[in-house]
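*Asks:* My structure file start17.pdb, PDB, C-alpha atoms, pLDDT in the B column, is below:
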```
ATOM      1  CA  MET A   1       0.000   0.000   0.000  1.00 40.00           C
ATOM      2  CA  SER A   2       1.346   3.464  -0.919  1.00 39.00           C
ATOM      3  CA  PHE A   3       0.324   6.928   0.136  1.00 39.00           C
ATOM      4  CA  VAL A   4       1.376  10.474  -0.680  1.00 40.00           C
ATOM      5  CA  SER A   5       3.398  12.449   1.856  1.00 40.00           C
ATOM      6  CA  GLY A   6       4.778  15.826   0.802  1.00 41.00           C
ATOM      7  CA  ASN A   7       6.694  15.409  -2.404  1.00 44.00           C
ATOM      8  CA  CYS A   8       7.447  11.710  -1.869  1.00 44.00           C
ATOM      9  CA  LEU A   9       5.671   8.392  -2.299  1.00 41.00           C
ATOM     10  CA  GLU A  10       6.161   6.246   0.789  1.00 42.00           C
ATOM     11  CA  SER A  11       5.511   2.517   0.798  1.00 40.00           C
ATOM     12  CA  GLY A  12       4.412   0.418   3.720  1.00 42.00           C
ATOM     13  CA  THR A  13       7.965  -0.897   4.033  1.00 40.00           C
ATOM     14  CA  GLY A  14       9.362   2.565   4.603  1.00 43.00           C
ATOM     15  CA  GLU A  15      10.854   2.833   1.117  1.00 39.00           C
ATOM     16  CA  THR A  16      10.769   6.399  -0.173  1.00 41.00           C
ATOM     17  CA  MET A  17      11.172   7.802  -3.647  1.00 42.00           C
ATOM     18  CA  LYS A  18      10.962  11.365  -4.894  1.00 46.00           C
ATOM     19  CA  THR A  19       7.996  12.299  -7.048  1.00 48.00           C
ATOM     20  CA  THR A  20       6.742  15.313  -8.986  1.00 53.00           C
ATOM     21  CA  MET A  21       3.330  16.858  -9.483  1.00 50.00           C
ATOM     22  CA  LYS A  22       2.865  14.897 -12.715  1.00 51.00           C
ATOM     23  CA  GLU A  23       3.550  11.602 -10.937  1.00 51.00           C
ATOM     24  CA  LEU A  24       0.834  12.030  -8.314  1.00 54.00           C
ATOM     25  CA  ARG A  25      -2.272   9.915  -8.709  1.00 55.00           C
ATOM     26  CA  GLU A  26      -4.689  11.799 -10.992  1.00 47.00           C
ATOM     27  CA  ALA A  27      -7.364  11.979  -8.296  1.00 47.00           C
ATOM     28  CA  GLU A  28      -4.926  13.933  -6.112  1.00 62.00           C
ATOM     29  CA  ARG A  29      -3.830  16.466  -8.742  1.00 82.00           C
ATOM     30  CA  PRO A  30      -5.714  19.807  -8.709  1.00 86.00           C
ATOM     31  CA  TYR A  31      -6.436  19.900 -12.455  1.00 84.00           C
ATOM     32  CA  GLU A  32      -7.803  16.353 -12.572  1.00 85.00           C
ATOM     33  CA  LYS A  33      -9.760  16.808  -9.331  1.00 86.00           C
ATOM     34  CA  CYS A  34     -11.376  19.942 -10.733  1.00 88.00           C
ATOM     35  CA  LEU A  35     -12.286  18.202 -13.995  1.00 89.00           C
ATOM     36  CA  SER A  36     -13.722  15.159 -12.280  1.00 88.00           C
ATOM     37  CA  GLY A  37     -15.410  16.673  -9.242  1.00 88.00           C
ATOM     38  CA  GLY A  38     -15.548  20.423  -9.804  1.00 90.00           C
ATOM     39  CA  ALA A  39     -13.597  23.270  -8.246  1.00 89.00           C
ATOM     40  CA  LYS A  40     -15.518  22.903  -4.966  1.00 89.00           C
ATOM     41  CA  THR A  41     -13.743  19.602  -4.303  1.00 91.00           C
ATOM     42  CA  LEU A  42     -10.339  21.320  -4.128  1.00 90.00           C
ATOM     43  CA  SER A  43      -8.811  22.511  -0.878  1.00 91.00           C
ATOM     44  CA  ASP A  44      -7.643  26.122  -0.541  1.00 91.00           C
ATOM     45  CA  ALA A  45      -4.065  25.032  -1.203  1.00 90.00           C
ATOM     46  CA  GLU A  46      -5.097  23.012  -4.269  1.00 91.00           C
ATOM     47  CA  LEU A  47      -7.045  25.935  -5.729  1.00 91.00           C
ATOM     48  CA  LEU A  48      -4.031  28.162  -5.307  1.00 92.00           C
ATOM     49  CA  ALA A  49      -1.734  25.456  -6.702  1.00 89.00           C
ATOM     50  CA  ALA A  50      -3.839  25.177  -9.861  1.00 88.00           C
ATOM     51  CA  LEU A  51      -3.147  28.857 -10.502  1.00 87.00           C
ATOM     52  CA  LEU A  52       0.524  28.689  -9.542  1.00 88.00           C
ATOM     53  CA  ARG A  53       0.940  25.710 -11.923  1.00 84.00           C
ATOM     54  CA  THR A  54       4.476  24.893 -10.721  1.00 83.00           C
ATOM     55  CA  GLY A  55       6.227  24.570  -7.404  1.00 83.00           C
ATOM     56  CA  SER A  56       9.876  25.130  -6.598  1.00 81.00           C
ATOM     57  CA  ARG A  57      12.897  22.818  -6.459  1.00 82.00           C
ATOM     58  CA  GLY A  58      11.925  19.764  -4.403  1.00 82.00           C
ATOM     59  CA  GLU A  59       8.438  21.134  -3.701  1.00 86.00           C
ATOM     60  CA  THR A  60       5.123  20.612  -5.469  1.00 87.00           C
ATOM     61  CA  ALA A  61       2.770  23.459  -6.355  1.00 88.00           C
ATOM     62  CA  VAL A  62       0.381  22.245  -3.629  1.00 90.00           C
ATOM     63  CA  GLU A  63       3.144  22.405  -1.039  1.00 90.00           C
ATOM     64  CA  LEU A  64       4.178  25.868  -2.193  1.00 91.00           C
ATOM     65  CA  ALA A  65       0.547  26.995  -1.975  1.00 92.00           C
ATOM     66  CA  GLY A  66       0.296  25.534   1.533  1.00 92.00           C
ATOM     67  CA  ARG A  67       3.410  27.441   2.576  1.00 93.00           C
ATOM     68  CA  ILE A  68       1.903  30.681   1.258  1.00 93.00           C
ATOM     69  CA  LEU A  69      -1.336  30.102   3.178  1.00 94.00           C
ATOM     70  CA  GLU A  70       0.616  29.402   6.377  1.00 93.00           C
ATOM     71  CA  LEU A  71       2.850  32.479   6.125  1.00 92.00           C
ATOM     72  CA  PRO A  72       3.250  33.835   9.693  1.00 91.00           C
ATOM     73  CA  GLY A  73       1.125  36.909  10.241  1.00 86.00           C
ATOM     74  CA  TYR A  74      -0.927  36.250   7.094  1.00 88.00           C
ATOM     75  CA  GLU A  75      -2.384  32.820   7.767  1.00 88.00           C
ATOM     76  CA  GLY A  76      -5.318  31.493   5.750  1.00 88.00           C
ATOM     77  CA  LEU A  77      -7.392  33.049   3.013  1.00 85.00           C
ATOM     78  CA  SER A  78      -8.213  36.048   5.188  1.00 77.00           C
ATOM     79  CA  GLY A  79      -4.521  36.861   5.416  1.00 84.00           C
ATOM     80  CA  PHE A  80      -3.663  36.029   1.823  1.00 89.00           C
ATOM     81  CA  GLY A  81      -4.991  39.302   0.455  1.00 82.00           C
ATOM     82  CA  LYS A  82      -2.860  41.294   2.916  1.00 82.00           C
ATOM     83  CA  ILE A  83       0.486  39.819   1.857  1.00 90.00           C
ATOM     84  CA  PRO A  84       2.600  42.628   0.316  1.00 89.00           C
ATOM     85  CA  LEU A  85       4.089  42.129  -3.127  1.00 91.00           C
ATOM     86  CA  GLU A  86       7.632  42.296  -1.765  1.00 92.00           C
ATOM     87  CA  ARG A  87       6.843  39.646   0.871  1.00 92.00           C
ATOM     88  CA  PHE A  88       5.758  37.288  -1.907  1.00 92.00           C
ATOM     89  CA  ARG A  89       8.995  37.925  -3.757  1.00 92.00           C
ATOM     90  CA  GLU A  90      11.029  37.071  -0.662  1.00 92.00           C
ATOM     91  CA  MET A  91       9.559  33.559  -0.529  1.00 92.00           C
ATOM     92  CA  ARG A  92      11.494  30.672  -2.005  1.00 90.00           C
ATOM     93  CA  GLY A  93       9.922  29.535  -5.259  1.00 89.00           C
ATOM     94  CA  ILE A  94       8.136  32.820  -5.995  1.00 91.00           C
ATOM     95  CA  GLY A  95       9.728  35.221  -8.451  1.00 89.00           C
ATOM     96  CA  LYS A  96       8.511  38.518  -9.845  1.00 92.00           C
ATOM     97  CA  VAL A  97       5.965  36.958 -12.211  1.00 91.00           C
ATOM     98  CA  LYS A  98       4.323  34.699  -9.612  1.00 91.00           C
ATOM     99  CA  ALA A  99       4.305  37.536  -7.064  1.00 92.00           C
ATOM    100  CA  VAL A 100       2.420  39.778  -9.495  1.00 93.00           C
ATOM    101  CA  GLN A 101       0.018  36.940 -10.348  1.00 92.00           C
ATOM    102  CA  LEU A 102      -0.739  36.364  -6.662  1.00 93.00           C
ATOM    103  CA  LYS A 103      -1.381  40.063  -5.990  1.00 91.00           C
ATOM    104  CA  CYS A 104      -3.645  40.239  -9.043  1.00 93.00           C
ATOM    105  CA  LEU A 105      -5.529  37.173  -7.799  1.00 91.00           C
ATOM    106  CA  ALA A 106      -6.090  38.813  -4.406  1.00 87.00           C
ATOM    107  CA  GLU A 107      -7.310  42.026  -6.034  1.00 85.00           C
ATOM    108  CA  LEU A 108      -9.607  40.093  -8.367  1.00 88.00           C
ATOM    109  CA  ALA A 109     -11.168  38.355  -5.354  1.00 84.00           C
ATOM    110  CA  VAL A 110     -11.847  41.745  -3.746  1.00 78.00           C
ATOM    111  CA  ARG A 111     -13.439  43.121  -6.914  1.00 82.00           C
ATOM    112  CA  MET A 112     -15.595  40.015  -7.415  1.00 83.00           C
ATOM    113  CA  SER A 113     -16.866  40.272  -3.848  1.00 76.00           C
ATOM    114  CA  LYS A 114     -17.542  43.994  -4.273  1.00 71.00           C
ATOM    115  CA  ALA A 115     -19.351  43.447  -7.573  1.00 72.00           C
ATOM    116  CA  ALA A 116     -21.592  40.792  -6.024  1.00 71.00           C
ATOM    117  CA  ALA A 117     -22.390  43.050  -3.062  1.00 62.00           C
ATOM    118  CA  GLY A 118     -23.048  45.948  -5.415  1.00 60.00           C
ATOM    119  CA  GLU A 119     -26.026  44.157  -6.933  1.00 64.00           C
ATOM    120  CA  LYS A 120     -27.846  44.546  -3.603  1.00 65.00           C
ATOM    121  CA  LEU A 121     -26.418  47.919  -2.631  1.00 76.00           C
ATOM    122  CA  CYS A 122     -28.856  50.384  -1.100  1.00 82.00           C
ATOM    123  CA  PHE A 123     -27.425  53.627   0.247  1.00 83.00           C
ATOM    124  CA  GLY A 124     -30.139  53.792   2.876  1.00 84.00           C
ATOM    125  CA  ASP A 125     -29.193  50.380   4.305  1.00 90.00           C
ATOM    126  CA  PRO A 126     -25.960  50.238   6.372  1.00 93.00           C
ATOM    127  CA  ALA A 127     -25.673  46.446   6.019  1.00 92.00           C
ATOM    128  CA  THR A 128     -25.531  46.535   2.216  1.00 89.00           C
ATOM    129  CA  ILE A 129     -23.061  49.433   2.229  1.00 92.00           C
ATOM    130  CA  ALA A 130     -20.828  47.538   4.672  1.00 92.00           C
ATOM    131  CA  GLY A 131     -21.089  44.411   2.530  1.00 88.00           C
ATOM    132  CA  PHE A 132     -20.065  46.362  -0.546  1.00 87.00           C
ATOM    133  CA  TYR A 133     -16.897  47.775   1.042  1.00 90.00           C
ATOM    134  CA  MET A 134     -16.056  44.896   3.383  1.00 90.00           C
ATOM    135  CA  GLU A 135     -13.490  43.052   1.247  1.00 82.00           C
ATOM    136  CA  GLU A 136     -11.888  46.251   0.070  1.00 83.00           C
ATOM    137  CA  LEU A 137     -11.362  47.764   3.520  1.00 90.00           C
ATOM    138  CA  ARG A 138     -11.062  44.937   6.027  1.00 84.00           C
ATOM    139  CA  ARG A 139      -7.638  43.958   4.639  1.00 79.00           C
ATOM    140  CA  GLU A 140      -6.159  47.456   4.846  1.00 85.00           C
ATOM    141  CA  GLU A 141      -3.421  47.914   7.444  1.00 84.00           C
ATOM    142  CA  GLN A 142      -4.069  51.664   7.727  1.00 89.00           C
ATOM    143  CA  GLU A 143      -7.315  53.480   8.394  1.00 92.00           C
ATOM    144  CA  GLU A 144      -8.974  54.931   5.312  1.00 93.00           C
ATOM    145  CA  LEU A 145     -11.871  57.362   5.217  1.00 94.00           C
ATOM    146  CA  ILE A 146     -14.108  57.132   2.154  1.00 95.00           C
ATOM    147  CA  VAL A 147     -16.928  59.598   1.528  1.00 96.00           C
ATOM    148  CA  LEU A 148     -19.956  58.753  -0.592  1.00 95.00           C
ATOM    149  CA  PHE A 149     -21.563  61.823  -2.161  1.00 95.00           C
ATOM    150  CA  LEU A 150     -25.263  61.307  -2.920  1.00 93.00           C
ATOM    151  CA  ASP A 151     -27.997  63.302  -4.616  1.00 92.00           C
ATOM    152  CA  ALA A 152     -31.431  64.092  -3.170  1.00 92.00           C
ATOM    153  CA  LYS A 153     -32.685  60.611  -4.121  1.00 89.00           C
ATOM    154  CA  ASN A 154     -29.707  58.879  -2.486  1.00 89.00           C
ATOM    155  CA  ARG A 155     -28.110  58.024  -5.822  1.00 87.00           C
ATOM    156  CA  LEU A 156     -24.334  57.906  -5.848  1.00 88.00           C
ATOM    157  CA  LEU A 157     -22.698  60.911  -7.485  1.00 90.00           C
ATOM    158  CA  LYS A 158     -19.150  60.138  -6.450  1.00 91.00           C
ATOM    159  CA  GLU A 159     -17.023  57.982  -4.144  1.00 91.00           C
ATOM    160  CA  LYS A 160     -13.746  59.473  -2.937  1.00 94.00           C
ATOM    161  CA  LEU A 161     -10.952  58.409  -0.592  1.00 93.00           C
ATOM    162  CA  MET A 162     -10.568  61.543   1.520  1.00 91.00           C
ATOM    163  CA  PHE A 163      -8.056  60.465   4.126  1.00 89.00           C
ATOM    164  CA  LYS A 164      -5.560  57.691   4.878  1.00 88.00           C
ATOM    165  CA  GLY A 165      -3.996  57.309   8.301  1.00 81.00           C
ATOM    166  CA  THR A 166      -5.359  57.685  11.821  1.00 76.00           C
ATOM    167  CA  VAL A 167      -8.903  59.010  11.517  1.00 73.00           C
ATOM    168  CA  ASN A 168      -9.431  61.628  14.217  1.00 72.00           C
ATOM    169  CA  ALA A 169     -11.106  64.996  14.526  1.00 64.00           C
ATOM    170  CA  SER A 170      -7.875  66.974  14.487  1.00 62.00           C
ATOM    171  CA  LEU A 171      -6.671  65.485  11.181  1.00 77.00           C
ATOM    172  CA  VAL A 172      -9.825  64.999   9.125  1.00 82.00           C
ATOM    173  CA  SER A 173     -10.796  68.245   7.417  1.00 85.00           C
ATOM    174  CA  PRO A 174     -14.541  68.860   6.915  1.00 91.00           C
ATOM    175  CA  ARG A 175     -13.583  71.691   4.562  1.00 92.00           C
ATOM    176  CA  GLU A 176     -12.108  69.280   1.982  1.00 92.00           C
ATOM    177  CA  ILE A 177     -15.203  67.084   2.180  1.00 95.00           C
ATOM    178  CA  PHE A 178     -17.665  69.934   1.694  1.00 96.00           C
ATOM    179  CA  VAL A 179     -15.675  71.648  -1.043  1.00 95.00           C
ATOM    180  CA  GLU A 180     -16.049  68.406  -2.978  1.00 95.00           C
ATOM    181  CA  ALA A 181     -19.728  68.082  -2.017  1.00 97.00           C
ATOM    182  CA  LEU A 182     -20.560  71.605  -3.200  1.00 96.00           C
ATOM    183  CA  LYS A 183     -18.602  71.111  -6.418  1.00 96.00           C
ATOM    184  CA  ILE A 184     -20.731  68.127  -7.478  1.00 96.00           C
ATOM    185  CA  ARG A 185     -23.934  69.413  -5.796  1.00 96.00           C
ATOM    186  CA  ALA A 186     -24.233  66.542  -3.348  1.00 96.00           C
ATOM    187  CA  VAL A 187     -27.150  66.676  -0.902  1.00 97.00           C
ATOM    188  CA  HIS A 188     -26.313  63.697   1.326  1.00 96.00           C
ATOM    189  CA  LEU A 189     -23.095  62.108   2.597  1.00 96.00           C
ATOM    190  CA  VAL A 190     -22.118  58.710   3.982  1.00 96.00           C
ATOM    191  CA  LEU A 191     -18.786  58.236   5.735  1.00 96.00           C
ATOM    192  CA  ILE A 192     -17.048  54.863   5.631  1.00 96.00           C
ATOM    193  CA  HIS A 193     -13.808  53.947   7.333  1.00 94.00           C
ATOM    194  CA  ASN A 194     -12.050  50.819   8.552  1.00 95.00           C
ATOM    195  CA  HIS A 195     -10.512  49.640  11.796  1.00 95.00           C
ATOM    196  CA  PRO A 196      -7.416  47.519  11.015  1.00 91.00           C
ATOM    197  CA  SER A 197      -7.772  45.909  14.459  1.00 91.00           C
ATOM    198  CA  GLY A 198     -10.865  44.124  13.135  1.00 92.00           C
ATOM    199  CA  ASP A 199     -13.112  45.542  15.877  1.00 95.00           C
ATOM    200  CA  PRO A 200     -15.652  47.947  14.311  1.00 96.00           C
ATOM    201  CA  ALA A 201     -16.843  49.458  17.602  1.00 96.00           C
ATOM    202  CA  PRO A 202     -16.741  53.271  17.256  1.00 95.00           C
ATOM    203  CA  SER A 203     -14.076  55.044  19.285  1.00 93.00           C
ATOM    204  CA  ARG A 204     -14.484  58.411  20.984  1.00 92.00           C
ATOM    205  CA  GLU A 205     -12.587  59.980  18.072  1.00 91.00           C
ATOM    206  CA  ASP A 206     -14.937  58.318  15.563  1.00 92.00           C
ATOM    207  CA  VAL A 207     -17.880  59.954  17.320  1.00 93.00           C
ATOM    208  CA  ARG A 208     -16.079  63.333  17.387  1.00 92.00           C
ATOM    209  CA  VAL A 209     -15.294  63.159  13.667  1.00 91.00           C
ATOM    210  CA  THR A 210     -18.904  62.269  12.901  1.00 94.00           C
ATOM    211  CA  GLU A 211     -20.320  65.106  14.991  1.00 94.00           C
ATOM    212  CA  ARG A 212     -17.918  67.650  13.529  1.00 93.00           C
ATOM    213  CA  ILE A 213     -18.815  66.725   9.953  1.00 95.00           C
ATOM    214  CA  ARG A 214     -22.538  66.526  10.751  1.00 95.00           C
ATOM    215  CA  LYS A 215     -22.576  70.031  12.213  1.00 95.00           C
ATOM    216  CA  SER A 216     -20.576  71.431   9.308  1.00 95.00           C
ATOM    217  CA  GLY A 217     -23.058  69.851   6.894  1.00 96.00           C
ATOM    218  CA  GLU A 218     -26.033  71.383   8.694  1.00 94.00           C
ATOM    219  CA  LEU A 219     -24.679  74.868   8.002  1.00 94.00           C
ATOM    220  CA  LEU A 220     -24.501  74.079   4.277  1.00 95.00           C
ATOM    221  CA  GLY A 221     -27.726  72.094   3.991  1.00 95.00           C
ATOM    222  CA  ILE A 222     -25.854  68.827   3.324  1.00 97.00           C
ATOM    223  CA  ARG A 223     -27.025  65.944   5.462  1.00 96.00           C
ATOM    224  CA  LEU A 224     -24.748  63.261   6.892  1.00 97.00           C
ATOM    225  CA  LEU A 225     -26.771  60.048   6.624  1.00 95.00           C
ATOM    226  CA  ASP A 226     -24.406  57.660   8.387  1.00 96.00           C
ATOM    227  CA  HIS A 227     -20.860  56.802   9.418  1.00 97.00           C
ATOM    228  CA  ILE A 228     -20.124  53.116   8.872  1.00 97.00           C
ATOM    229  CA  ILE A 229     -17.056  51.473  10.386  1.00 96.00           C
ATOM    230  CA  ILE A 230     -15.693  48.298   8.787  1.00 96.00           C
ATOM    231  CA  GLY A 231     -14.012  45.605  10.889  1.00 94.00           C
ATOM    232  CA  ASP A 232     -13.102  42.023  10.064  1.00 90.00           C
ATOM    233  CA  ASN A 233     -16.361  40.729   8.551  1.00 89.00           C
ATOM    234  CA  ARG A 234     -18.234  43.002  10.967  1.00 94.00           C
ATOM    235  CA  TYR A 235     -19.423  46.578  10.836  1.00 96.00           C
ATOM    236  CA  SER A 236     -20.869  49.327  13.007  1.00 96.00           C
ATOM    237  CA  SER A 237     -23.303  52.012  11.927  1.00 97.00           C
ATOM    238  CA  LEU A 238     -23.349  55.122  14.073  1.00 96.00           C
ATOM    239  CA  ARG A 239     -26.900  55.759  12.888  1.00 94.00           C
ATOM    240  CA  GLU A 240     -28.018  52.287  14.019  1.00 94.00           C
ATOM    241  CA  ARG A 241     -26.231  52.769  17.338  1.00 94.00           C
ATOM    242  CA  GLY A 242     -28.086  56.025  17.938  1.00 93.00           C
ATOM    243  CA  LEU A 243     -24.846  58.031  17.872  1.00 90.00           C
ATOM    244  CA  LEU A 244     -25.950  60.057  14.845  1.00 87.00           C
ATOM    245  CA  PRO A 245     -29.075  62.156  15.482  1.00 77.00           C
ATOM    246  CA  MET A 246     -31.999  61.220  13.261  1.00 66.00           C
ATOM    247  CA  GLN A 247     -33.233  64.021  11.021  1.00 60.00           C
ATOM    248  CA  ALA A 248     -36.526  64.455   9.235  1.00 48.00           C
ATOM    249  CA  ASP A 249     -36.387  63.466   5.570  1.00 47.00           C
ATOM    250  CA  THR A 250     -36.325  66.401   3.219  1.00 41.00           C
TER     251      THR A 250
END
```
Would you write out, as structure tokens, the structure that this file holds?
*Replies:*
Amino acid sequence: MSFVSGNCLESGTGETMKTTMKELREAERPYEKCLSGGAKTLSDAELLAALLRTGSRGETAVELAGRILELPGYEGLSGFGKIPLERFREMRGIGKVKAVQLKCLAELAVRMSKAAAGEKLCFGDPATIAGFYMEELRREEQEELIVLFLDAKNRLLKEKLMFKGTVNASLVSPREIFVEALKIRAVHLVLIHNHPSGDPAPSREDVRVTERIRKSGELLGIRLLDHIIIGDNRYSSLRERGLLPMQADT
């Protein structure tokens, strides 16, 4: 009886011989498994291996994929999208071309998730807004503040990254936000920003930023609808939490 272990075939007698991806039993090769049982039958490492196509010296593509998914500090699929390009290039068996392919794969996954969420997007529903931006923002290692500029019927006029770094009331400028809002004749705003810690609970500074922008908007007749904070597959809405005063619809 023989079984596969790493990049070797081991027999019941303890005899070991080196093997390659092509020598593995067809049922255990990603391409053949996908053809016979569908992509859903592949493990995370096998899916990644099918895209990598080749491993490195003495290592199959599946083993290389497993090593990528176990990279300290970036473990699993949730960490895969956060791996910097240069960190990929530092890994044995990954050159410039594979590093670029892996970063493009991660970005494609984000865009696919965002496109799917966009089909259900409603700017009056915090859950659908959070779902739309979740994959894009939950992987970011710095805080980003995005402003959605809406018309009177809550249709999106423009989305703009307004700030990157620590989001607090002393650094975020309402002036920049409202100059942009007046330029495109926006009537409503939605703020979105992420917490790299993964915990979306609003901080004291988050509340201060929200209140400062809300009050500035009141003077100009531009209403702040919500401030949504993205965590790791979780979100907080200051409107839902009662931290953003409700206003009569206009």
*Asks:* Can you list, as an MDAnalysis selection string, every protein, DNA or RNA residue that comes within 8 Å of region 211-215 of chain A when you count all atoms listed in the file, leaving out same-chain residues fewer than 5 positions away?
*Replies:* chainID A and resid 169 174 223:224 244
*Asks:* What is the CA of Asp199 (chain A)-CA of Glu143 (chain A) distance in Å, reported with one decimal?
*Replies:*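 It comes out at 12.4 Å.
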*Asks:* Please give the centre and size of the box around region 104-119 of chain A (axis-aligned, containing every atom listed in the file, 6 Å added per side), with values in Å to one decimal and written as AutoDock Vina command-line options.
*Replies:*
```
--center_x -14.8 --center_y 41.6 --center_z -6.1 --size_x 34.4 --size_y 20.8 --size_z 18.0
```
*Asks:* Env of Arg239 (chain A): 10 Å cut, atoms = only C-alpha atoms, seq-sep filter 3 positions within chain, self excluded. Answer as JSON, numbers by chain.
*Replies:* {"A": [126, 224, 225, 226, 227, 228, 236, 242, 243, 244, 245, 246]}
*Asks:* If you count all atoms listed in the file, which residues fall within 10 Å of Lys153 (chain A), apart from same-chain ones fewer than 6 positions away, as a PyMOL selection string?
*Replies:* chain A and resi 123+187-188
